[in-house]
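One structure is given below, encoded as structure tokens.
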Amino acid sequence: AYSVCPICTPARSSMMTGVYPSRHGLIRNTDGGGRRDFDSGQRLYSHYLAQVGYRNAYVGKWHCGHVRLPVDYGIEGWSLPDYGKPYMNAAYRQYAQERGLGQARARIEHNLNHPEWAGQTLTLVHESPWHFMNGSGVLQGPPEAHEEQFVAHLAAEKLRELAQRSQPWSLVASFWGPHQPYYPTEPFASTIDPAGIPVYPSFGDDLSGRPVSHHMHRDFHHVGAKEWRDWSVWQQILARAYGQGLQTDAAVGQVLDALEECGAVENTLVIWCSDHGDAVASHGGLWDKASTVTEEVARIPMAVRWPARFAGDRSSDRLVSNMDVTATMLAAAGVPVPTAMDSRSLLPLCEGSAVDWAAELICEHNGHG
């Protein structure tokens with residue numbers, strides 16, 4: 001699968017609306033320039049589901065609005081405006097206090113913007129959510145201290161509440177990671193042996209023939225950081241990145257465990273995917289994604305499960321985007337997909353009945369910053 005636009009807000013907003021960023025208007029991140037909230041008349045997936053009796057919930061990262069949150073679209077749950085950062089939020093502080101976790105602190109191993117932090121243990125609280133970006137290390141404390149497990153806890157609680165009623169429901173569990181900075185807790189942090197990570201095929205890329213934005217990303221934002229050309233450094237960073245990916249997988253597992261506890265596995269459609277990829281360690285050694293469209297930032301994972309409707313252990317190489325989750329949700333709920341929607345239901349692919357599936361995929365990018 002691919003991201004319809006490989007940065008947070010445009011992709012997430014297309015997943016909420018089923019239309020391209022150029023149509024819903026959130027073409028850059030809400031904490032950047034341009035429009036920062038949907039137009040008041042914009043319809044989200046929740047509007048269509050609510051019309052056929054669904055109760056809709058959303059827990060975790062939103063990044064689809066500066067002022068309006070999911071609750072403003074009839075969706076219940078917990079989220080934050082813009083990118084947000086749970087470690088600085090009252091809900092996380094209460095969660096941590098109840099478990100005796102204290103404030104979130106990480107031992108910093110690498111940081112592009114603050115190399116002087118290496119070896120320090122810092123409290124991850126700052127007015128800007130970007131302050132600790134472009135870094136890797138280990139979050140102190142048990143797995144429960146991590147933002148991924150915090151979101152999973154809230155999502156599992158909401159799922160149990162929804163499942164108690166006979167009313168049909170939908171739930172989005174939206175995690176911040178494995179987006180950088182990469183600060184997994186133990187035991188996830190030490191799961192991967194850095195020395196065993198082979199050099200990325202694109203690591204030696206000199207960017208010949210690439211757009212100027214690619215050169216700006218690497219040579220302007222990474223200026224003076226000679227260590228970022230050393231693969232052994234990236235092995236250390238990637239070990240933490242992969243560890244955080246495993247921690248996110250474990251968090252998703254908490255939500256799926258809750259679904260099983262509620263006896264709702266068979267007839268619940270589960271879609272697992274991402275808003276975008278990541279340029280980490282690619283093309284000469286990069287952080288983040290910037291205004292680039294490479295395979296690393298554009299390609300995303302996707303898996304779909306619905307035991308009552310189709311068998312598992314199948315794969316498809318058809319071209320799909322994360323925008324297609326919208327129509328898939330509507331089709332699963334028996335809602336006719338609006339003809340004006342750009343999203344396509346994935347159910348025919350899942351059932352093996354897709355005949356006329358486009359051989360091309362259109363994605364957009366309007367820059368990042």
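In the structure tokens, chains take the letters A, B, ... in the order shown, each chain's residues start at 1, and ligands count up from 1 in the order shown.
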task: Find the residues near Lys61 (chain A): any atom within 9 Å, counting only C-alpha atoms, skip ones fewer than 6 places away on the same chain, and give them as an MDAnalysis selection string.
output: chainID A and resid 78:86 151 173:176
message: Excluding Phe310 (chain A) and its own-chain neighbours fewer than 2 positions away, which residues fall within 12 Å of it when counting only C-alpha atoms? Please give them as a ChimeraX atom specification.
response: /A:266-269,304-308,312-314,332,346-353
Please identify which residues in region 93-294 of chain A DSSP calls strand (DSSP E or B) from the backbone, and express them as a PDB file with N, CA, C and O atoms, in the first residue's frame.
ATOM      1  N   ARG A 105      10.806  10.090  30.887  1.00  0.00           N
ATOM      2  CA  ARG A 105      12.212  10.461  30.757  1.00  0.00           C
ATOM      3  C   ARG A 105      12.914   9.463  29.838  1.00  0.00           C
ATOM      4  O   ARG A 105      12.634   8.262  29.877  1.00  0.00           O
ATOM      5  N   ALA A 106      13.819   9.977  29.011  1.00  0.00           N
ATOM      6  CA  ALA A 106      14.527   9.118  28.071  1.00  0.00           C
ATOM      7  C   ALA A 106      16.028   9.358  28.143  1.00  0.00           C
ATOM      8  O   ALA A 106      16.477  10.502  28.300  1.00  0.00           O
ATOM      9  N   ARG A 107      16.781   8.279  28.038  1.00  0.00           N
ATOM     10  CA  ARG A 107      18.234   8.391  27.899  1.00  0.00           C
ATOM     11  C   ARG A 107      18.529   8.610  26.419  1.00  0.00           C
ATOM     12  O   ARG A 107      18.225   7.769  25.574  1.00  0.00           O
ATOM     13  N   ILE A 108      19.098   9.770  26.095  1.00  0.00           N
ATOM     14  CA  ILE A 108      19.345  10.152  24.713  1.00  0.00           C
ATOM     15  C   ILE A 108      20.663   9.542  24.240  1.00  0.00           C
ATOM     16  O   ILE A 108      21.694   9.693  24.901  1.00  0.00           O
ATOM     17  N   GLU A 109      20.617   8.876  23.102  1.00  0.00           N
ATOM     18  CA  GLU A 109      21.834   8.312  22.517  1.00  0.00           C
ATOM     19  C   GLU A 109      22.300   9.120  21.311  1.00  0.00           C
ATOM     20  O   GLU A 109      23.500   9.348  21.138  1.00  0.00           O
ATOM     21  N   HIS A 110      21.340   9.550  20.475  1.00  0.00           N
ATOM     22  CA  HIS A 110      21.670  10.353  19.292  1.00  0.00           C
ATOM     23  C   HIS A 110      20.607  11.428  19.117  1.00  0.00           C
ATOM     24  O   HIS A 110      19.420  11.178  19.332  1.00  0.00           O
ATOM     25  N   ASN A 111      21.034  12.612  18.725  1.00  0.00           N
ATOM     26  CA  ASN A 111      20.089  13.666  18.371  1.00  0.00           C
ATOM     27  C   ASN A 111      20.763  14.591  17.367  1.00  0.00           C
ATOM     28  O   ASN A 111      21.841  15.135  17.635  1.00  0.00           O
ATOM     29  N   THR A 121      19.981  11.882  30.341  1.00  0.00           N
ATOM     30  CA  THR A 121      18.600  11.440  30.544  1.00  0.00           C
ATOM     31  C   THR A 121      17.748  12.676  30.773  1.00  0.00           C
ATOM     32  O   THR A 121      17.965  13.419  31.734  1.00  0.00           O
ATOM     33  N   LEU A 122      16.804  12.919  29.872  1.00  0.00           N
ATOM     34  CA  LEU A 122      16.022  14.150  29.869  1.00  0.00           C
ATOM     35  C   LEU A 122      14.540  13.850  30.040  1.00  0.00           C
ATOM     36  O   LEU A 122      14.033  12.817  29.597  1.00  0.00           O
ATOM     37  N   THR A 123      13.837  14.791  30.686  1.00  0.00           N
ATOM     38  CA  THR A 123      12.383  14.700  30.815  1.00  0.00           C
ATOM     39  C   THR A 123      11.757  15.183  29.514  1.00  0.00           C
ATOM     40  O   THR A 123      12.061  16.282  29.043  1.00  0.00           O
ATOM     41  N   GLY A 135      15.847  12.117  17.021  1.00  0.00           N
ATOM     42  CA  GLY A 135      16.661  11.517  18.062  1.00  0.00           C
ATOM     43  C   GLY A 135      16.272  10.078  18.334  1.00  0.00           C
ATOM     44  O   GLY A 135      15.215   9.588  17.910  1.00  0.00           O
ATOM     45  N   SER A 136      17.153   9.392  19.060  1.00  0.00           N
ATOM     46  CA  SER A 136      16.891   8.014  19.456  1.00  0.00           C
ATOM     47  C   SER A 136      17.497   7.772  20.824  1.00  0.00           C
ATOM     48  O   SER A 136      18.410   8.477  21.257  1.00  0.00           O
ATOM     49  N   GLY A 137      16.981   6.757  21.490  1.00  0.00           N
ATOM     50  CA  GLY A 137      17.450   6.422  22.828  1.00  0.00           C
ATOM     51  C   GLY A 137      16.511   5.426  23.462  1.00  0.00           C
ATOM     52  O   GLY A 137      15.843   4.651  22.762  1.00  0.00           O
ATOM     53  N   VAL A 138      16.407   5.462  24.782  1.00  0.00           N
ATOM     54  CA  VAL A 138      15.584   4.501  25.518  1.00  0.00           C
ATOM     55  C   VAL A 138      14.728   5.238  26.541  1.00  0.00           C
ATOM     56  O   VAL A 138      15.255   5.994  27.362  1.00  0.00           O
ATOM     57  N   LEU A 139      13.413   5.040  26.470  1.00  0.00           N
ATOM     58  CA  LEU A 139      12.519   5.607  27.466  1.00  0.00           C
ATOM     59  C   LEU A 139      12.666   4.823  28.759  1.00  0.00           C
ATOM     60  O   LEU A 139      12.681   3.593  28.751  1.00  0.00           O
ATOM     61  N   TRP A 169     -20.633  -0.193  16.232  1.00  0.00           N
ATOM     62  CA  TRP A 169     -19.664   0.833  16.591  1.00  0.00           C
ATOM     63  C   TRP A 169     -18.446   0.794  15.667  1.00  0.00           C
ATOM     64  O   TRP A 169     -18.182  -0.196  14.988  1.00  0.00           O
ATOM     65  N   SER A 170     -17.718   1.908  15.662  1.00  0.00           N
ATOM     66  CA  SER A 170     -16.414   1.958  14.998  1.00  0.00           C
ATOM     67  C   SER A 170     -15.431   2.600  15.965  1.00  0.00           C
ATOM     68  O   SER A 170     -15.813   3.427  16.805  1.00  0.00           O
ATOM     69  N   LEU A 171     -14.175   2.210  15.864  1.00  0.00           N
ATOM     70  CA  LEU A 171     -13.128   2.753  16.736  1.00  0.00           C
ATOM     71  C   LEU A 171     -11.854   2.931  15.933  1.00  0.00           C
ATOM     72  O   LEU A 171     -11.398   1.994  15.265  1.00  0.00           O
ATOM     73  N   VAL A 172     -11.277   4.120  15.993  1.00  0.00           N
ATOM     74  CA  VAL A 172      -9.942   4.365  15.442  1.00  0.00           C
ATOM     75  C   VAL A 172      -8.981   4.458  16.610  1.00  0.00           C
ATOM     76  O   VAL A 172      -9.155   5.301  17.496  1.00  0.00           O
ATOM     77  N   ALA A 173      -7.981   3.576  16.635  1.00  0.00           N
ATOM     78  CA  ALA A 173      -6.892   3.653  17.612  1.00  0.00           C
ATOM     79  C   ALA A 173      -5.680   4.190  16.864  1.00  0.00           C
ATOM     80  O   ALA A 173      -5.111   3.499  16.019  1.00  0.00           O
ATOM     81  N   SER A 174      -5.317   5.425  17.156  1.00  0.00           N
ATOM     82  CA  SER A 174      -4.300   6.123  16.357  1.00  0.00           C
ATOM     83  C   SER A 174      -3.052   6.365  17.198  1.00  0.00           C
ATOM     84  O   SER A 174      -3.070   7.145  18.155  1.00  0.00           O
ATOM     85  N   TYR A 182      12.777   7.995  18.323  1.00  0.00           N
ATOM     86  CA  TYR A 182      12.700   6.576  18.653  1.00  0.00           C
ATOM     87  C   TYR A 182      13.185   6.347  20.082  1.00  0.00           C
ATOM     88  O   TYR A 182      14.382   6.200  20.326  1.00  0.00           O
ATOM     89  N   VAL A 270     -11.058  -5.263  11.002  1.00  0.00           N
ATOM     90  CA  VAL A 270      -9.877  -4.584  11.525  1.00  0.00           C
ATOM     91  C   VAL A 270      -8.985  -4.194  10.355  1.00  0.00           C
ATOM     92  O   VAL A 270      -8.640  -5.045   9.522  1.00  0.00           O
ATOM     93  N   ILE A 271      -8.630  -2.924  10.266  1.00  0.00           N
ATOM     94  CA  ILE A 271      -7.704  -2.436   9.241  1.00  0.00           C
ATOM     95  C   ILE A 271      -6.483  -1.866   9.953  1.00  0.00           C
ATOM     96  O   ILE A 271      -6.624  -0.980  10.806  1.00  0.00           O
ATOM     97  N   TRP A 272      -5.313  -2.348   9.615  1.00  0.00           N
ATOM     98  CA  TRP A 272      -4.056  -1.908  10.228  1.00  0.00           C
ATOM     99  C   TRP A 272      -3.210  -1.255   9.143  1.00  0.00           C
ATOM    100  O   TRP A 272      -2.928  -1.884   8.113  1.00  0.00           O
ATOM    101  N   CYS A 273      -2.874   0.004   9.337  1.00  0.00           N
ATOM    102  CA  CYS A 273      -2.068   0.685   8.318  1.00  0.00           C
ATOM    103  C   CYS A 273      -1.404   1.911   8.930  1.00  0.00           C
ATOM    104  O   CYS A 273      -1.496   2.160  10.131  1.00  0.00           O
ATOM    105  N   VAL A 280      14.133   7.407   7.390  1.00  0.00           N
ATOM    106  CA  VAL A 280      15.240   7.137   8.312  1.00  0.00           C
ATOM    107  C   VAL A 280      16.310   6.231   7.685  1.00  0.00           C
ATOM    108  O   VAL A 280      16.012   5.168   7.146  1.00  0.00           O
ATOM    109  N   LEU A 286      19.152   9.956   6.422  1.00  0.00           N
ATOM    110  CA  LEU A 286      18.180  11.027   6.643  1.00  0.00           C
ATOM    111  C   LEU A 286      17.330  10.748   7.876  1.00  0.00           C
ATOM    112  O   LEU A 286      17.201   9.620   8.322  1.00  0.00           O
TER     113      LEU A 286
END
- prompt: Using only C-alpha atoms, which of the listed residues (A:Met216, A:Glu364, A:Glu148, A:Glu76) sits closest to Val59 (chain A)?
  reply: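 The shortest atom-to-atom distance to Val59 (chain A) comes from A:Glu76.
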Atom-to-atom span, CA of Gly196 (chain A) and CA of Leu238 (chain A), Å: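 Computing the Euclidean distance for CA of Gly196 (chain A) and CA of Leu238 (chain A) yields 10.7 Å.
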field: Nearby residues (only C-alpha atoms) at most 7 Å from region 125-128 of chain A, same-chain spacing under 3 positions excluded, as a list of chain:residue names
entry: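 The filter keeps A:Tyr87, A:Met88, A:His131.
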message: So, with only C-alpha atoms as the atoms that count, which of A:Cys5, A:Ala57, A:Tyr20, A:Leu207 lies closest to Ala340 (chain A)?
response: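 Checking each candidate against Ala340 (chain A), we get A:Tyr20 as the closest.
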query: Separation of CA of His368 (chain A) and CA of Asn29 (chain A), in Å?
result: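 Here the two named atoms are 7.4 Å from each other.
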- request: Please indicate the distance in Å from CA of Gln236 (chain A) to CA of Thr292 (chain A), rounded to one decimal place.
  value: 24.3 Å
task: Go through A:Val71, A:Leu246, A:Leu159, A:Val337 one by one, measure the shortest atom-to-atom distance of each to Thr185 (chain A) using only C-alpha atoms, and give the residue with the smallest value.
output: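 When distances to Thr185 (chain A) are compared using only C-alpha atoms, the smallest one comes from A:Leu246.
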query: Which residues come within 10 Å of Glu261 (chain A), counting only C-alpha atoms, excluding same-chain residues fewer than 6 positions away, as an MDAnalysis selection string?
result: chainID A and resid 160 163 255
field: Who sits within 9 Å of Gln235 (chain A), only C-alpha atoms, same chain under 2 positions skipped, as a list of chain:residue names
entry: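 Listed by chain and then number, they are A:Asp193, A:Pro194, A:Ala195, A:Gly196, A:Ile197, A:Pro198, A:Val199, A:Trp231, A:Ser232, A:Val233, A:Ile237, A:Leu238, A:Ala239, A:Arg240, A:Ala281.
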query: Taking only C-alpha atoms into account, which of A:Pro301, A:Gly367, A:Phe132, A:Ser316 comes nearest Ser213 (chain A)?
result: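 Counting only C-alpha atoms, the residue closest to Ser213 (chain A) is A:Gly367.
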statement: If you count only C-alpha atoms, the residue of A:Gly209, A:Pro129, A:Pro201, A:Pro6 closest to Ser274 (chain A) turns out to be A:Pro6
- request: Identify all residues of region 240-349 of chain A in helix (DSSP H, G or I) (DSSP on the backbone) and supply them as an MDAnalysis selection string.
  value: chainID A and resid 240:261 295:298 324:332 347:349
Could you save the residues just selected, with N, CA and C atoms, as a JSON list (two decimals), in the first residue's frame?
[["chain", "number", "residue", "atom", "x", "y", "z"],
["A", 240, "ARG", "N", 16.83, 1.07, 17.62],
["A", 240, "ARG", "CA", 15.81, 1.71, 18.45],
["A", 240, "ARG", "C", 14.52, 1.94, 17.65],
["A", 241, "ALA", "N", 14.66, 2.29, 16.37],
["A", 241, "ALA", "CA", 13.47, 2.49, 15.52],
["A", 241, "ALA", "C", 12.70, 1.19, 15.38],
["A", 242, "TYR", "N", 13.41, 0.10, 15.12],
["A", 242, "TYR", "CA", 12.74, -1.19, 15.01],
["A", 242, "TYR", "C", 12.14, -1.61, 16.35],
["A", 243, "GLY", "N", 12.86, -1.31, 17.43],
["A", 243, "GLY", "CA", 12.34, -1.61, 18.76],
["A", 243, "GLY", "C", 11.04, -0.88, 19.03],
["A", 244, "GLN", "N", 10.97, 0.38, 18.57],
["A", 244, "GLN", "CA", 9.74, 1.14, 18.76],
["A", 244, "GLN", "C", 8.63, 0.59, 17.87],
["A", 245, "GLY", "N", 9.00, 0.07, 16.70],
["A", 245, "GLY", "CA", 8.01, -0.59, 15.86],
["A", 245, "GLY", "C", 7.43, -1.81, 16.54],
["A", 246, "LEU", "N", 8.29, -2.58, 17.20],
["A", 246, "LEU", "CA", 7.81, -3.76, 17.94],
["A", 246, "LEU", "C", 6.94, -3.35, 19.12],
["A", 247, "GLN", "N", 7.28, -2.21, 19.74],
["A", 247, "GLN", "CA", 6.47, -1.74, 20.85],
["A", 247, "GLN", "C", 5.10, -1.28, 20.36],
["A", 248, "THR", "N", 5.04, -0.69, 19.18],
["A", 248, "THR", "CA", 3.76, -0.32, 18.59],
["A", 248, "THR", "C", 2.94, -1.56, 18.27],
["A", 249, "ASP", "N", 3.60, -2.59, 17.72],
["A", 249, "ASP", "CA", 2.90, -3.85, 17.44],
["A", 249, "ASP", "C", 2.29, -4.42, 18.73],
["A", 250, "ALA", "N", 3.05, -4.35, 19.82],
["A", 250, "ALA", "CA", 2.55, -4.86, 21.10],
["A", 250, "ALA", "C", 1.34, -4.05, 21.56],
["A", 251, "ALA", "N", 1.38, -2.74, 21.31],
["A", 251, "ALA", "CA", 0.25, -1.88, 21.69],
["A", 251, "ALA", "C", -0.99, -2.23, 20.89],
["A", 252, "VAL", "N", -0.81, -2.46, 19.59],
["A", 252, "VAL", "CA", -1.94, -2.91, 18.75],
["A", 252, "VAL", "C", -2.48, -4.23, 19.29],
["A", 253, "GLY", "N", -1.56, -5.10, 19.73],
["A", 253, "GLY", "CA", -1.97, -6.37, 20.30],
["A", 253, "GLY", "C", -2.85, -6.22, 21.52],
["A", 254, "GLN", "N", -2.59, -5.18, 22.33],
["A", 254, "GLN", "CA", -3.44, -4.92, 23.50],
["A", 254, "GLN", "C", -4.88, -4.64, 23.07],
["A", 255, "VAL", "N", -5.03, -3.88, 21.99],
["A", 255, "VAL", "CA", -6.37, -3.55, 21.50],
["A", 255, "VAL", "C", -7.05, -4.79, 20.95],
["A", 256, "LEU", "N", -6.32, -5.61, 20.19],
["A", 256, "LEU", "CA", -6.89, -6.83, 19.65],
["A", 256, "LEU", "C", -7.24, -7.82, 20.76],
["A", 257, "ASP", "N", -6.43, -7.84, 21.81],
["A", 257, "ASP", "CA", -6.76, -8.71, 22.96],
["A", 257, "ASP", "C", -8.08, -8.28, 23.60],
["A", 258, "ALA", "N", -8.28, -6.97, 23.69],
["A", 258, "ALA", "CA", -9.54, -6.46, 24.26],
["A", 258, "ALA", "C", -10.72, -6.86, 23.38],
["A", 259, "LEU", "N", -10.50, -6.82, 22.07],
["A", 259, "LEU", "CA", -11.56, -7.23, 21.14],
["A", 259, "LEU", "C", -11.92, -8.70, 21.35],
["A", 260, "GLU", "N", -10.89, -9.52, 21.58],
["A", 260, "GLU", "CA", -11.13, -10.94, 21.82],
["A", 260, "GLU", "C", -11.85, -11.17, 23.15],
["A", 261, "GLU", "N", -11.47, -10.40, 24.17],
["A", 261, "GLU", "CA", -12.14, -10.50, 25.47],
["A", 261, "GLU", "C", -13.64, -10.22, 25.34],
["A", 295, "GLU", "N", 10.30, 5.72, -2.19],
["A", 295, "GLU", "CA", 9.63, 4.49, -1.77],
["A", 295, "GLU", "C", 9.56, 4.41, -0.25],
["A", 296, "GLU", "N", 10.64, 4.87, 0.43],
["A", 296, "GLU", "CA", 10.70, 4.75, 1.88],
["A", 296, "GLU", "C", 9.63, 5.58, 2.58],
["A", 297, "VAL", "N", 9.32, 6.78, 2.08],
["A", 297, "VAL", "CA", 8.33, 7.62, 2.75],
["A", 297, "VAL", "C", 6.92, 7.38, 2.22],
["A", 298, "ALA", "N", 6.81, 6.84, 1.00],
["A", 298, "ALA", "CA", 5.50, 6.68, 0.38],
["A", 298, "ALA", "C", 4.86, 5.33, 0.65],
["A", 324, "ASP", "N", -8.08, 4.49, 0.85],
["A", 324, "ASP", "CA", -9.09, 3.47, 0.57],
["A", 324, "ASP", "C", -9.73, 2.88, 1.83],
["A", 325, "VAL", "N", -9.19, 3.18, 2.99],
["A", 325, "VAL", "CA", -9.81, 2.65, 4.21],
["A", 325, "VAL", "C", -11.20, 3.25, 4.43],
["A", 326, "THR", "N", -11.43, 4.48, 3.96],
["A", 326, "THR", "CA", -12.71, 5.15, 4.19],
["A", 326, "THR", "C", -13.85, 4.39, 3.54],
["A", 327, "ALA", "N", -13.73, 4.15, 2.24],
["A", 327, "ALA", "CA", -14.78, 3.42, 1.51],
["A", 327, "ALA", "C", -14.92, 2.00, 2.05],
["A", 328, "THR", "N", -13.81, 1.41, 2.51],
["A", 328, "THR", "CA", -13.87, 0.05, 3.04],
["A", 328, "THR", "C", -14.73, 0.01, 4.30],
["A", 329, "MET", "N", -14.56, 1.00, 5.17],
["A", 329, "MET", "CA", -15.38, 1.06, 6.38],
["A", 329, "MET", "C", -16.86, 1.22, 6.03],
["A", 330, "LEU", "N", -17.14, 2.11, 5.09],
["A", 330, "LEU", "CA", -18.53, 2.35, 4.71],
["A", 330, "LEU", "C", -19.15, 1.10, 4.10],
["A", 331, "ALA", "N", -18.42, 0.46, 3.20],
["A", 331, "ALA", "CA", -18.95, -0.74, 2.54],
["A", 331, "ALA", "C", -19.20, -1.84, 3.56],
["A", 332, "ALA", "N", -18.32, -1.98, 4.53],
["A", 332, "ALA", "CA", -18.49, -3.01, 5.56],
["A", 332, "ALA", "C", -19.74, -2.76, 6.39],
["A", 347, "LEU", "N", -12.72, -4.39, 0.10],
["A", 347, "LEU", "CA", -13.36, -5.68, 0.34],
["A", 347, "LEU", "C", -13.29, -6.63, -0.85],
["A", 348, "PRO", "N", -13.49, -6.15, -2.09],
["A", 348, "PRO", "CA", -13.35, -7.08, -3.23],
["A", 348, "PRO", "C", -11.95, -7.70, -3.31],
["A", 349, "LEU", "N", -10.90, -6.93, -2.98],
["A", 349, "LEU", "CA", -9.55, -7.49, -2.97],
["A", 349, "LEU", "C", -9.41, -8.53, -1.86]]
